[in-house]
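Content type compact mmCIF, C-alpha atoms, from the file coords27.txt:
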# COMPACT_ATOMS: atom_id res chain seq x y z
CA MET T 1 -24.50 -2.39 -22.03
CA LYS T 2 -21.06 -1.24 -23.10
CA LEU T 3 -20.77 0.84 -19.94
CA LEU T 4 -21.77 -2.09 -17.76
CA ARG T 5 -19.24 -4.30 -19.52
CA ALA T 6 -16.51 -1.72 -18.93
CA LEU T 7 -17.43 -1.33 -15.26
CA ALA T 8 -17.49 -5.10 -14.85
CA LEU T 9 -14.02 -5.31 -16.35
CA VAL T 10 -12.70 -2.63 -13.98
CA ALA T 11 -14.35 -4.39 -11.02
CA LEU T 12 -12.82 -7.70 -12.11
CA CYS T 13 -9.34 -6.18 -12.31
CA LEU T 14 -9.78 -4.56 -8.90
CA MET T 15 -10.90 -7.89 -7.46
CA LEU T 16 -7.94 -9.71 -8.99
CA GLN T 17 -5.46 -7.07 -7.81
CA GLN T 18 -6.93 -7.15 -4.31
CA GLY T 19 -7.08 -10.94 -4.22
CA LEU T 20 -3.49 -11.08 -5.33
CA ALA T 21 -2.50 -8.53 -2.70
CA ARG T 22 -4.24 -10.64 -0.09
CA LEU T 23 -2.19 -13.68 -1.04
CA TRP T 24 1.00 -11.68 -1.59
CA PRO T 25 1.07 -8.15 -0.13
CA GLU T 26 3.99 -7.01 -2.31
CA SER T 27 2.24 -8.03 -5.53
CA SER T 28 1.22 -4.48 -6.48
CA ARG T 29 4.90 -3.68 -6.92
CA TRP T 30 5.24 -6.33 -9.62
CA VAL T 31 1.77 -6.58 -11.14
CA ASP T 32 -0.43 -3.63 -12.10
CA LEU T 33 -3.72 -5.12 -13.25
CA MET T 34 -5.50 -1.75 -13.02
CA LEU T 35 -3.58 -0.57 -16.07
CA LEU T 36 -4.98 -3.33 -18.27
CA PRO T 37 -8.56 -2.06 -18.79
CA ALA T 38 -7.22 1.36 -19.78
CA VAL T 39 -4.77 -0.07 -22.32
CA GLY T 40 -7.24 -2.70 -23.51
CA TYR T 41 -9.86 -0.07 -24.23
CA ALA T 42 -7.26 2.16 -25.86
CA LEU T 43 -6.56 -0.70 -28.28
CA VAL T 44 -10.12 -1.69 -29.13
CA ALA T 45 -12.33 1.31 -28.39
CA MET T 46 -12.53 5.06 -28.74
CA PRO T 47 -9.83 7.15 -27.01
CA ARG T 48 -12.40 8.89 -24.81
CA SER T 49 -13.62 5.53 -23.43
CA ALA T 50 -10.03 4.52 -22.76
CA MET T 51 -9.28 7.79 -20.97
CA LEU T 52 -12.41 7.56 -18.80
CA ILE T 53 -11.67 3.92 -17.95
CA GLY T 54 -8.04 4.87 -17.20
CA CYS T 55 -9.21 7.69 -14.97
CA LEU T 56 -11.59 5.39 -13.05
CA CYS T 57 -8.99 2.64 -12.68
CA GLY T 58 -6.38 5.12 -11.45
CA LEU T 59 -8.71 6.69 -8.91
CA LEU T 60 -9.73 3.27 -7.60
CA GLN T 61 -6.07 2.37 -7.37
CA ASP T 62 -5.40 5.57 -5.45
CA ALA T 63 -8.25 4.79 -3.08
CA TRP T 64 -7.29 1.18 -2.40
CA PHE T 65 -3.53 1.02 -2.83
CA GLY T 66 -2.16 4.55 -2.72
CA SER T 67 -1.12 6.66 0.22
CA GLN T 68 0.26 9.58 -1.70
CA LEU T 69 -1.77 12.22 -3.48
CA PHE T 70 -5.27 11.16 -4.44
CA GLY T 71 -5.51 11.50 -8.20
CA ALA T 72 -1.88 10.73 -9.01
CA ASN T 73 -2.60 7.25 -10.38
CA GLY T 74 -5.68 8.54 -12.16
CA PHE T 75 -3.55 11.17 -13.87
CA ARG T 76 -0.97 8.56 -14.93
CA LYS T 77 -3.47 6.06 -16.25
CA THR T 78 -5.54 8.65 -18.13
CA LEU T 79 -2.43 9.89 -19.87
CA ALA T 80 -1.14 6.36 -20.54
CA ALA T 81 -4.52 5.42 -22.08
CA PHE T 82 -4.42 8.50 -24.28
CA LEU T 83 -0.87 7.75 -25.45
CA VAL T 84 -1.76 4.17 -26.36
CA SER T 85 -4.87 5.44 -28.20
CA VAL T 86 -2.71 7.79 -30.24
CA LEU T 87 -0.32 4.93 -31.07
CA ALA T 88 -3.18 2.58 -31.91
CA ALA T 89 -4.59 5.13 -34.35
CA ARG T 90 -1.29 5.30 -36.21
CA LEU T 91 0.09 1.78 -35.97
CA ASP T 92 -1.44 -1.61 -36.45
CA LEU T 93 -1.42 -3.07 -32.98
CA ASN T 94 -3.94 -5.79 -33.74
CA SER T 95 -1.48 -8.65 -33.37
CA PRO T 96 -0.06 -10.42 -30.33
CA HIS T 97 3.24 -8.58 -30.80
CA GLY T 98 1.52 -5.25 -31.21
CA ARG T 99 -0.62 -5.75 -28.14
CA PHE T 100 2.40 -6.90 -26.14
CA ALA T 101 4.30 -3.79 -27.23
CA ALA T 102 1.35 -1.55 -26.34
CA GLY T 103 1.00 -3.07 -22.87
CA PHE T 104 4.74 -2.96 -22.30
CA ALA T 105 5.02 0.66 -23.44
CA ALA T 106 1.98 1.74 -21.43
CA ALA T 107 3.33 0.18 -18.23
CA LEU T 108 6.71 1.84 -18.77
CA ALA T 109 5.03 5.16 -19.54
CA ASP T 110 2.93 4.79 -16.39
CA ALA T 111 6.06 4.20 -14.29
CA LEU T 112 7.90 7.11 -15.86
CA LEU T 113 4.90 9.39 -15.40
CA GLY T 114 4.82 8.36 -11.75
CA LEU T 115 8.46 9.24 -11.35
CA GLY T 116 7.96 12.54 -13.18
CA LEU T 117 4.93 13.46 -11.07
CA ARG T 118 6.84 12.86 -7.87
CA GLU T 119 9.63 15.10 -9.14
CA LEU T 120 7.18 17.74 -10.31
CA LEU T 121 5.20 17.78 -7.08
CA ASP T 122 8.35 17.63 -4.97
CA LEU T 123 7.33 14.42 -3.20
CA GLU T 124 9.82 12.05 -1.65
CA ARG T 125 12.16 10.98 -4.45
CA PHE T 126 13.04 7.39 -5.31
CA GLY T 127 15.66 5.91 -7.50
CA PRO T 128 14.02 4.23 -10.48
CA ASP T 129 13.28 0.54 -9.95
CA PRO T 130 13.95 -0.84 -13.45
CA ILE T 131 13.52 -4.49 -12.49
CA ALA T 132 10.03 -3.92 -11.08
CA TRP T 133 9.19 -1.72 -14.08
CA LEU T 134 10.31 -4.40 -16.53
CA VAL T 135 8.43 -7.15 -14.71
CA ARG T 136 5.26 -5.01 -14.57
CA ALA T 137 5.59 -4.06 -18.22
CA THR T 138 6.24 -7.65 -19.35
CA ILE T 139 3.26 -8.96 -17.39
CA ALA T 140 1.02 -6.19 -18.77
CA GLY T 141 2.19 -6.93 -22.32
CA LEU T 142 1.73 -10.69 -21.98
CA VAL T 143 -1.72 -10.43 -20.40
CA LEU T 144 -2.90 -8.03 -23.09
CA ALA T 145 -1.45 -10.13 -25.88
CA VAL T 146 -3.13 -13.28 -24.59
CA ILE T 147 -6.43 -11.95 -23.20
CA LEU T 148 -7.22 -9.62 -26.07
CA GLY T 149 -6.25 -12.39 -28.46
CA TRP T 150 -8.96 -14.55 -26.95
CA SER T 151 -11.52 -11.78 -26.96
CA ARG T 152 -13.71 -11.26 -29.97
CA THR T 153 -13.32 -7.55 -29.86
CA THR T 154 -9.77 -7.31 -31.09
CA LEU T 155 -10.63 -5.26 -34.11
CA ILE T 156 -8.99 -1.89 -33.72
CA LYS T 157 -11.21 0.92 -34.79
CA ARG T 158 -9.86 2.85 -37.68
CA ARG T 159 -9.59 6.40 -36.63
CA ARG T 160 -9.12 9.43 -38.65
CA MET G 1 -22.30 26.25 -34.23
CA PRO G 2 -19.28 24.50 -35.66
CA SER G 3 -18.75 21.08 -34.08
CA LEU G 4 -15.36 20.04 -32.79
CA SER G 5 -13.46 17.35 -34.63
CA LYS G 6 -13.02 13.98 -32.90
CA ARG G 7 -9.40 14.78 -32.21
CA GLY G 8 -10.41 18.09 -30.65
CA GLN G 9 -13.02 16.37 -28.50
CA ASN G 10 -10.50 13.78 -27.33
CA LEU G 11 -7.93 16.43 -26.50
CA GLY G 12 -10.58 18.44 -24.70
CA LEU G 13 -11.62 15.43 -22.60
CA LEU G 14 -7.96 14.62 -21.87
CA GLY G 15 -7.41 18.21 -20.72
CA ILE G 16 -10.51 18.14 -18.51
CA LEU G 17 -9.59 14.80 -16.93
CA LEU G 18 -5.97 15.76 -16.31
CA PHE G 19 -6.88 19.18 -14.96
CA GLY G 20 -9.54 17.62 -12.72
CA GLN G 21 -7.05 15.18 -11.32
CA LEU G 22 -4.46 17.89 -10.79
CA LEU G 23 -7.10 19.73 -8.76
CA LEU G 24 -7.76 16.51 -6.83
CA MET G 25 -4.05 16.15 -6.10
CA ALA G 26 -3.82 19.76 -4.97
CA ALA G 27 -6.86 19.33 -2.73
CA SER G 28 -5.49 16.06 -1.41
CA ALA G 29 -2.16 17.75 -0.61
CA ARG G 30 -4.08 20.32 1.44
CA ASP G 31 -6.00 17.50 3.14
CA ALA G 32 -9.28 18.90 1.87
CA ALA G 33 -12.23 16.95 3.28
CA GLY G 34 -13.83 16.57 -0.14
CA THR G 35 -11.08 14.37 -1.53
CA SER G 36 -11.18 11.95 1.37
CA LYS G 37 -14.96 11.78 0.96
CA LEU G 38 -14.54 11.03 -2.73
CA GLN G 39 -11.85 8.48 -1.92
CA MET G 40 -13.95 6.81 0.72
CA GLY G 41 -16.93 6.93 -1.65
CA LEU G 42 -14.93 4.96 -4.20
CA VAL G 43 -13.83 2.54 -1.51
CA LYS G 44 -17.44 2.14 -0.37
CA ILE G 45 -18.77 1.52 -3.88
CA SER G 46 -16.06 -0.96 -4.73
CA SER G 47 -15.84 -2.65 -1.33
CA PRO G 48 -18.39 -5.44 -2.20
CA PHE G 49 -16.09 -6.56 -5.03
CA VAL G 50 -13.06 -6.34 -2.79
CA ARG G 51 -14.81 -8.31 -0.07
CA LEU G 52 -15.69 -10.94 -2.63
CA SER G 53 -12.12 -11.08 -3.88
CA GLY G 54 -10.95 -11.25 -0.27
CA ALA G 55 -13.21 -14.22 0.33
CA ILE G 56 -11.98 -15.92 -2.84
CA GLY G 57 -8.37 -15.08 -1.97
CA GLY G 58 -8.89 -16.37 1.57
CA GLY G 59 -10.47 -19.53 0.19
CA LEU G 60 -7.59 -20.03 -2.22
CA ARG G 61 -5.07 -19.44 0.53
CA GLY G 62 -7.01 -21.87 2.71
CA GLY G 63 -7.03 -24.33 -0.17
CA PHE G 64 -3.32 -24.00 -0.75
CA GLY G 65 -2.72 -24.20 2.99
CA GLY G 66 -4.79 -27.38 3.17
CA LEU G 67 -2.92 -28.89 0.25
CA GLN G 68 0.40 -28.03 1.86
CA GLU G 69 -0.73 -29.64 5.10
CA LEU G 70 -1.76 -32.76 3.25
CA LEU G 71 1.57 -32.98 1.45
CA ASP G 72 3.44 -32.38 4.69
CA ALA G 73 1.47 -35.07 6.47
CA LYS G 74 2.08 -37.51 3.66
CA SER G 75 5.83 -36.96 3.59
CA GLN G 76 5.97 -37.24 7.36
CA ASN G 77 3.95 -40.44 7.19
CA GLU G 78 6.43 -41.84 4.76
CA GLN G 79 9.39 -40.70 6.81
CA LEU G 80 8.21 -41.60 10.23
CA LYS G 81 5.44 -44.17 9.50
CA LYS G 82 3.88 -43.34 12.80
CA ARG G 83 1.88 -40.22 12.48
CA VAL G 84 -1.67 -40.16 11.30
CA GLY G 85 -2.83 -37.42 8.94
CA MET G 86 -5.74 -36.29 11.06
CA LEU G 87 -3.53 -36.00 14.12
CA GLU G 88 -1.08 -33.92 12.18
CA ARG G 89 -3.81 -31.56 11.03
CA ASP G 90 -5.05 -31.25 14.60
CA LEU G 91 -1.55 -30.40 15.66
CA GLN G 92 -1.33 -27.76 12.99
CA VAL G 93 -4.62 -26.21 14.09
CA ALA G 94 -3.48 -26.31 17.71
CA THR G 95 -0.17 -24.67 16.80
CA GLU G 96 -1.99 -21.96 14.87
CA GLY G 97 -4.32 -21.44 17.82
CA LYS G 98 -1.39 -21.28 20.21
CA LEU G 99 0.40 -18.77 18.05
CA GLU G 100 -2.72 -16.65 17.74
CA LEU G 101 -3.22 -16.85 21.51
CA GLU G 102 0.38 -15.77 22.01
CA ARG G 103 -0.04 -12.83 19.63
CA LEU G 104 -3.27 -11.74 21.27
CA ARG G 105 -1.70 -12.11 24.72
CA ASN G 106 1.19 -9.92 23.63
CA LEU G 107 -1.26 -7.38 22.27
CA LEU G 108 -3.25 -7.49 25.49
CA GLU G 109 -0.04 -6.93 27.41
CA VAL G 110 0.63 -3.80 25.35
CA GLN G 111 -2.98 -2.71 25.79
CA GLU G 112 -2.73 -3.12 29.56
CA LEU G 113 0.50 -1.14 29.72
CA PHE G 114 -1.25 1.88 28.27
CA GLU G 115 -3.71 3.61 30.45
CA GLY G 116 -5.36 5.12 27.40
CA GLU G 117 -8.05 3.42 25.40
CA ALA G 118 -6.98 1.04 22.66
CA LEU G 119 -8.97 -0.95 20.17
CA THR G 120 -7.88 -4.33 18.80
CA ALA G 121 -8.21 -4.63 15.03
CA LYS G 122 -7.51 -7.35 12.49
CA VAL G 123 -5.48 -6.60 9.38
CA ILE G 124 -7.73 -7.40 6.41
CA HIS G 125 -5.58 -6.19 3.54
CA ALA G 126 -2.04 -4.94 3.07
CA SER G 127 -0.46 -3.27 0.08
CA LEU G 128 3.30 -2.89 0.07
CA SER G 129 4.25 -1.30 -3.23
CA GLU G 130 7.31 0.80 -3.99
CA HIS G 131 5.41 4.08 -3.56
CA ALA G 132 2.95 3.26 -0.85
CA ARG G 133 2.81 1.08 2.21
CA VAL G 134 -0.72 0.85 3.55
CA LEU G 135 -2.94 -1.67 5.24
CA TYR G 136 -6.64 -1.93 5.95
CA ILE G 137 -8.05 -2.90 9.33
CA ASN G 138 -11.53 -4.13 10.22
CA ARG G 139 -12.41 -1.17 12.44
CA GLY G 140 -13.87 2.14 11.36
CA PHE G 141 -15.48 5.27 12.70
CA ALA G 142 -18.43 3.19 13.93
CA ASP G 143 -15.97 1.65 16.40
CA GLY G 144 -14.47 4.99 17.37
CA VAL G 145 -11.55 5.10 14.94
CA GLN G 146 -10.72 8.52 13.53
CA ASN G 147 -8.19 9.90 11.10
CA ASP G 148 -4.63 10.34 12.41
CA MET G 149 -5.05 7.91 15.29
CA PRO G 150 -1.82 6.03 16.04
CA VAL G 151 -1.70 2.30 15.35
CA ILE G 152 0.71 0.06 17.23
CA ALA G 153 1.45 -3.62 17.58
CA TYR G 154 3.43 -5.81 19.91
CA GLY G 155 6.95 -4.54 19.35
CA GLY G 156 6.29 -0.94 18.43
CA ALA G 157 4.62 1.61 16.19
CA VAL G 158 2.86 0.50 13.02
CA GLY G 159 1.48 3.69 11.48
CA LYS G 160 -1.42 6.09 11.64
CA VAL G 161 -5.00 5.99 10.42
CA LEU G 162 -5.16 7.71 7.06
CA MET G 163 -8.89 7.37 6.52
CA ALA G 164 -11.65 5.83 8.57
CA GLU G 165 -14.76 4.40 6.89
CA LYS G 166 -17.68 2.95 8.86
CA HIS G 167 -16.23 -0.49 9.49
CA VAL G 168 -12.86 -0.29 7.79
CA SER G 169 -9.86 2.04 8.04
CA LYS G 170 -6.81 2.67 5.93
CA VAL G 171 -3.53 2.83 7.84
CA ARG G 172 -0.39 4.46 6.48
CA LEU G 173 2.60 2.49 7.74
CA ILE G 174 5.70 4.18 9.13
CA GLN G 175 7.55 2.52 6.23
CA ASP G 176 5.45 4.50 3.72
CA PRO G 177 7.75 6.89 1.82
CA ASP G 178 5.44 9.82 2.55
CA HIS G 179 5.23 9.16 6.27
CA ARG G 180 7.17 11.17 8.86
CA VAL G 181 7.26 10.53 12.59
CA ALA G 182 8.75 12.77 15.26
CA ALA G 183 11.32 10.52 16.93
CA ARG G 184 14.11 10.54 19.44
CA LEU G 185 16.99 8.30 20.37
CA GLN G 186 16.17 6.65 23.65
CA ALA G 187 19.76 6.62 24.94
CA ASN G 188 20.71 10.27 24.54
CA ARG G 189 17.28 11.86 23.97
CA ALA G 190 18.40 13.45 20.70
CA ARG G 191 15.46 14.33 18.52
CA GLY G 192 15.02 13.76 14.81
CA ILE G 193 12.45 12.95 12.18
CA LEU G 194 11.93 9.38 11.02
CA TYR G 195 11.33 9.07 7.28
CA GLY G 196 9.64 6.06 5.71
CA GLY G 197 11.78 4.50 3.03
CA GLY G 198 9.47 2.26 1.00
CA ASP G 199 11.71 -0.58 -0.05
CA ASP G 200 14.68 1.03 1.68
CA PRO G 201 15.19 1.07 5.45
CA LEU G 202 13.78 3.86 7.62
CA ARG G 203 15.95 6.96 7.99
CA LEU G 204 16.27 9.19 11.03
CA ARG G 205 17.17 12.67 9.87
CA TYR G 206 18.08 15.98 11.49
CA VAL G 207 19.81 14.48 14.54
CA PRO G 208 22.24 17.17 15.73
CA ILE G 209 25.81 16.22 14.90
CA PHE G 210 27.18 16.49 18.45
CA ASN G 211 25.11 13.48 19.60
CA GLU G 212 26.94 10.17 20.05
CA VAL G 213 25.04 7.46 18.22
CA VAL G 214 25.94 3.78 17.99
CA PRO G 215 24.28 0.99 16.02
CA GLY G 216 21.72 -0.77 18.17
CA ASP G 217 20.44 2.40 19.87
CA ARG G 218 16.69 2.30 20.22
CA VAL G 219 14.59 4.90 18.38
CA VAL G 220 11.29 5.83 19.98
CA THR G 221 8.50 8.29 19.25
CA SER G 222 9.01 11.71 20.78
CA GLY G 223 5.36 12.68 20.84
CA LEU G 224 6.10 16.03 19.27
CA ASP G 225 4.10 15.30 16.13
CA GLY G 226 0.91 15.21 18.18
CA ILE G 227 0.00 11.83 16.72
CA PHE G 228 2.05 9.17 18.43
CA PRO G 229 2.38 9.30 22.21
CA PRO G 230 6.01 9.43 23.36
CA GLY G 231 8.06 6.32 24.09
CA ILE G 232 6.77 3.87 21.50
CA THR G 233 9.55 1.89 19.85
CA LEU G 234 10.09 2.65 16.16
CA GLY G 235 13.25 0.63 15.61
CA TRP G 236 16.95 0.35 16.20
CA ILE G 237 19.88 2.18 14.65
CA LEU G 238 21.37 0.07 11.92
CA GLU G 239 23.98 2.39 10.50
CA VAL G 240 25.29 5.84 11.20
CA GLY G 241 25.49 7.68 7.90
CA GLU G 242 27.85 10.33 6.66
CA ASP G 243 27.53 13.53 8.63
CA SER G 244 26.65 16.86 7.14
CA GLN G 245 27.99 19.93 8.87
CA ILE G 246 25.08 20.22 11.26
CA ASP G 247 23.20 16.97 11.46
CA LYS G 248 23.33 13.24 10.95
CA THR G 249 21.19 10.85 8.97
CA LEU G 250 20.83 7.42 10.53
CA THR G 251 19.52 4.20 9.04
CA VAL G 252 16.95 2.53 11.25
CA ASN G 253 15.85 -1.09 11.40
CA GLU G 254 12.06 -1.22 11.86
CA ALA G 255 10.66 -2.63 15.09
CA VAL G 256 7.57 -4.15 13.52
CA ASP G 257 7.64 -6.13 10.29
CA PRO G 258 4.45 -5.13 8.42
CA THR G 259 4.40 -8.30 6.33
CA ARG G 260 3.78 -10.38 9.45
CA LEU G 261 1.11 -8.22 11.03
CA GLU G 262 -2.21 -9.89 11.71
CA GLU G 263 -3.60 -7.90 14.63
CA VAL G 264 -2.92 -4.31 15.68
CA LEU G 265 -4.02 -1.84 18.32
CA VAL G 266 -5.55 1.52 17.45
CA LEU G 267 -4.91 4.03 20.21
CA VAL G 268 -8.36 5.57 20.36
CA ARG G 269 -7.44 7.63 23.40
CA PRO G 270 -3.66 7.80 23.74
CA PRO G 271 -2.33 7.78 27.29
CA SER G 272 -1.13 10.95 28.95
CA GLY G 273 2.58 11.77 29.13
CA GLU G 274 2.79 10.84 32.79
CA VAL G 275 1.63 7.32 32.13
CA LEU G 276 4.13 6.91 29.37
CA ARG G 277 6.98 8.14 31.50
CA ARG G 278 6.62 4.92 33.47
CA LEU G 279 6.99 2.95 30.28
CA ASP G 280 10.16 4.70 29.27
CA PRO G 281 13.10 3.49 31.40
CA VAL G 282 15.32 6.45 30.55
CA LEU G 283 12.69 8.99 31.54
CA GLU G 284 12.06 6.99 34.69
CA LEU G 285 15.74 7.34 35.59
CA ASP G 286 15.52 11.07 34.91
CA ASP G 287 12.58 11.28 37.28
CA ALA G 288 14.43 9.38 39.98
CA SER G 289 17.40 11.70 39.78

Just give me the structure as C-alpha cells.
Amino acid sequence: MKLLRALALVALCLMLQQGLARLWPESSRWVDLMLLPAVGYALVAMPRSAMLIGCLCGLLQDAWFGSQLFGANGFRKTLAAFLVSVLAARLDLNSPHGRFAAGFAAALADALLGLGLRELLDLERFGPDPIAWLVRATIAGLVLAVILGWSRTTLIKRRR
Amino acid sequence: MPSLSKRGQNLGLLGILLFGQLLLMAASARDAAGTSKLQMGLVKISSPFVRLSGAIGGGLRGGFGGLQELLDAKSQNEQLKKRVGMLERDLQVATEGKLELERLRNLLEVQELFEGEALTAKVIHASLSEHARVLYINRGFADGVQNDMPVIAYGGAVGKVLMAEKHVSKVRLIQDPDHRVAARLQANRARGILYGGGDDPLRLRYVPIFNEVVPGDRVVTSGLDGIFPPGITLGWILEVGEDSQIDKTLTVNEAVDPTRLEEVLVLVRPPSGEVLRRLDPVLELDDAS
C-alpha cells in the first residue's frame, strides 16, 4: 500500500510536470516538481524510501526531460534525498518554516550537484543561473510547506 | 551474523544507488544500447500518465483559449457593436485553419524539395530547460523513425532523433547544450562546428581565422557529421567574436525557433549530395563555373 502510494505520488508529479511543460515549455527551468516526492519522503519517511523515490524520480526526469547523461538527475535526486534525510534526523523540520527550508535547501543542493556533475564529467559548462535556482528553490520550499502541512503524515520519524 | 545498523544500511543503499547511476551515466556516455532500452522502458511505463496529463493540459489550454476568445469577442462587441460572438469564433477557427494550412504547405514545399524520404510529425511535447532542449514527436520506429535521423522544419534544421519508441520519438534540438552539428558558412564555405547554447545563442567554433565573416552570413549544415545532409540552414551569423590565434568563434542566430514548432519533418532517407547541390545556390554556382 505504501509502495503504491509512493508510486502514485511520483506519477502525479510527473503528470503535473509534463502538463505544465505542455502549457509552458520552459517551465522545467523554473519548476522542478520531480524533486518534491524525494524531499517529502525524506521529511516524513525512512531515508532509504526517500533515496529510492529520489532515484526513481531522477531517472524518470532523465527519460522525459533530459538529453544529457542518463542517470545524472537520478544521481542528484538520490543524493539530495539523502542529505535532507540526514538533516531531518538532526533538526526538527516538522513546521512550515522547516519544510520550506528543507525544500529550498534540497533544490539548491540539486542545482549545485548538477553543476558539479557537469564539471566532474567534463560536459559543456554553464555559468550558474542563480535566478532560476532561487525560483525553483522557493517554489519547492513553498509547495512542501503547504502540501505537507495539509497532509496527515507530517510527523517526522525519530531516528537514531 | 552481525546485522548492520540502520545508518550502515542507509549508507550502503546510498552507495549502491549512486554507484549504479554512475555506471548508467558511463554506459549512457558510451551510447550503450542497454541504457536507451532502460530509458525507453521508463518512458513506456510512464507514458499513460503523461498522455493523461497531456490530455488534461490540452483541455486546460483549450479552456483558457476558449475563455480568451470569449473575452476578446466581448470587448470587440463593446468596441465595435457590430460583430457577433459566434462569427468571431468562426473567424478564429478559420484563421487557425489557414495558419495550419500555411505551415503544412511550407512543410510540404520543403518535403518536395528533397528527393529523399521525409515523414511529417507533430510535436507533442517540448522541454526547454537550462540543461536540455528536447521535444517529443508523434512518430516512432513503427513509422520508420530511427535514432540519429535528422529532423527539420520550414526554415531549417531542428535537431536529431535521440531515441525512437514505437509511436513516439525524442528529438534533441540543435539548441541543446550537448548537441554539435558539423556546419559551414554558406558564403565562403568555411567549416566549423555549431554548438548548442541552451539559453545562450548558438556558437560556431573552429572557423579558421583567415576567413572573412560578416554578421548576416548564413550558416548551413556541411554534412560531415553523417547525420544532417549538407545545405540545410542552421542560422545566421549574429556576432563575430574575439579571435584566438588560429580560429574564430561566431555567435549564430537560430533559423528555427523551437518554441513555435508544431510540425516537423523527419528525414527518414536523406537525399543524396547531388540532389542537395541543387538546393544550395553557392554550390550551384561552383558547378556552373

Handout entry: Distance criterion (all atoms listed in the file): nearest to Pro130 in chain T out of G:Gly12, G:Asp143, G:Gln79, G:Glu130
Key = G:Glu130

Practice task
For Gln18 in chain T, please output as a ChimeraX atom specification all residues within 8 Å (counting all atoms listed in the file; exclusion window: fewer than 6 positions along the same chain).
Solution key: /G:50,53-54

Practice task
Rank T:Glu26, T:Asp32, T:Asp129, T:Glu119 by their smallest atom-to-atom distance to chain G, using all atoms listed in the file, and report the top residue only.
Solution key: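 Under the stated criterion, the closest residue is T:Glu26.
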
Exercise for the section: Just give me the gap between CA of Arg48 in chain T and CA of Thr78 in chain T in Å, one decimal is fine. Expected result: 9.6 Å

Practice task
Using only C-alpha atoms, determine which residues lie at most 8 Å from range 38-45 of chain T, disregarding the query and same-chain residues fewer than 4 positions distant; provide the list as a PyMOL selection string.
Solution key: chain T and resi 34+49-51+53-54+57+77-78+80-82+84-85+88+93-94+99+102-103+106+144+148+153-157

Exercise for the section: For chain G, list the residues within 6 Å of chain T, counting only C-alpha atoms, and write the list as a list of chain:residue names. Expected result: G:Asn10, G:Leu18, G:Gln21, G:Leu24, G:Met25, G:Ser28, G:Gln39, G:Phe49, G:Val50, G:Ser53, G:Gly54, G:Gly57, G:His125, G:Ala126, G:Ser127, G:Leu128, G:Ser129, G:Glu130, G:Ala132

Exercise for the section: Between CA of Leu261 in chain G and CA of Ala153 in chain G, measure the distance and give it in Å to one decimal. Expected result: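 Taking CA of Leu261 in chain G and CA of Ala153 in chain G, their separation equals 8.0 Å.
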
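Shortest separation to Ala121 in chain G among G:Glu100, G:Glu263, G:Glu69, G:Asp257 occurs at residue G:Glu263, atoms counted being only C-alpha atoms.
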
Handout entry: G:Val134, G:Leu162, G:Leu238, G:Leu13 ranked by distance to Ser36 in chain G, top pick (using only C-alpha atoms)
Key =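 So, comparing all the options, the nearest one is G:Leu162.
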
Handout entry: Residue neighbourhood Tyr206 in chain G, 6 Å, all atoms listed in the file, exclusion window fewer than 4 positions, as a list in words
Key =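 Using all atoms listed in the file, the neighbours found are Gly192, Asp247 and Lys248 of chain G.
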
Would you export the selected residues with C-alpha atoms as a PDB file, in the coordinates of the input, please?
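Resulting contents of out-v2.pdb:
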ATOM      1  CA  GLY G 192      15.020  13.760  14.810  1.00  0.00           C
ATOM      2  CA  ASP G 247      23.200  16.970  11.460  1.00  0.00           C
ATOM      3  CA  LYS G 248      23.330  13.240  10.950  1.00  0.00           C
TER       4      LYS G 248
END

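Across the structure, CA of Arg205 in chain G and CA of Gly116 in chain T are spaced 24.8 Å apart.
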
Edge lengths and centre, in Å to one decimal, as JSON: that's what I need for the box along x, y and z that holds all listed atoms of range 50-65 of chain T plus 8 Å on each side.
{"center_x": -8.0, "center_y": 4.4, "center_z": -12.6, "size_x": 24.9, "size_y": 22.8, "size_z": 36.4}

Practice task
Select, from G:Ile124, G:Leu265, G:Leu42, G:Ala187, the residue with the minimum atom-to-atom distance to Val213 in chain G, counting only C-alpha atoms.
Solution key: G:Ala187

Problem - Residues near Ala182 in chain G, cut-off 8 Å, only C-alpha atoms, skip fewer than 6 positions along chain, as a PyMOL selection string - result: chain G and resi 191-194+221-225
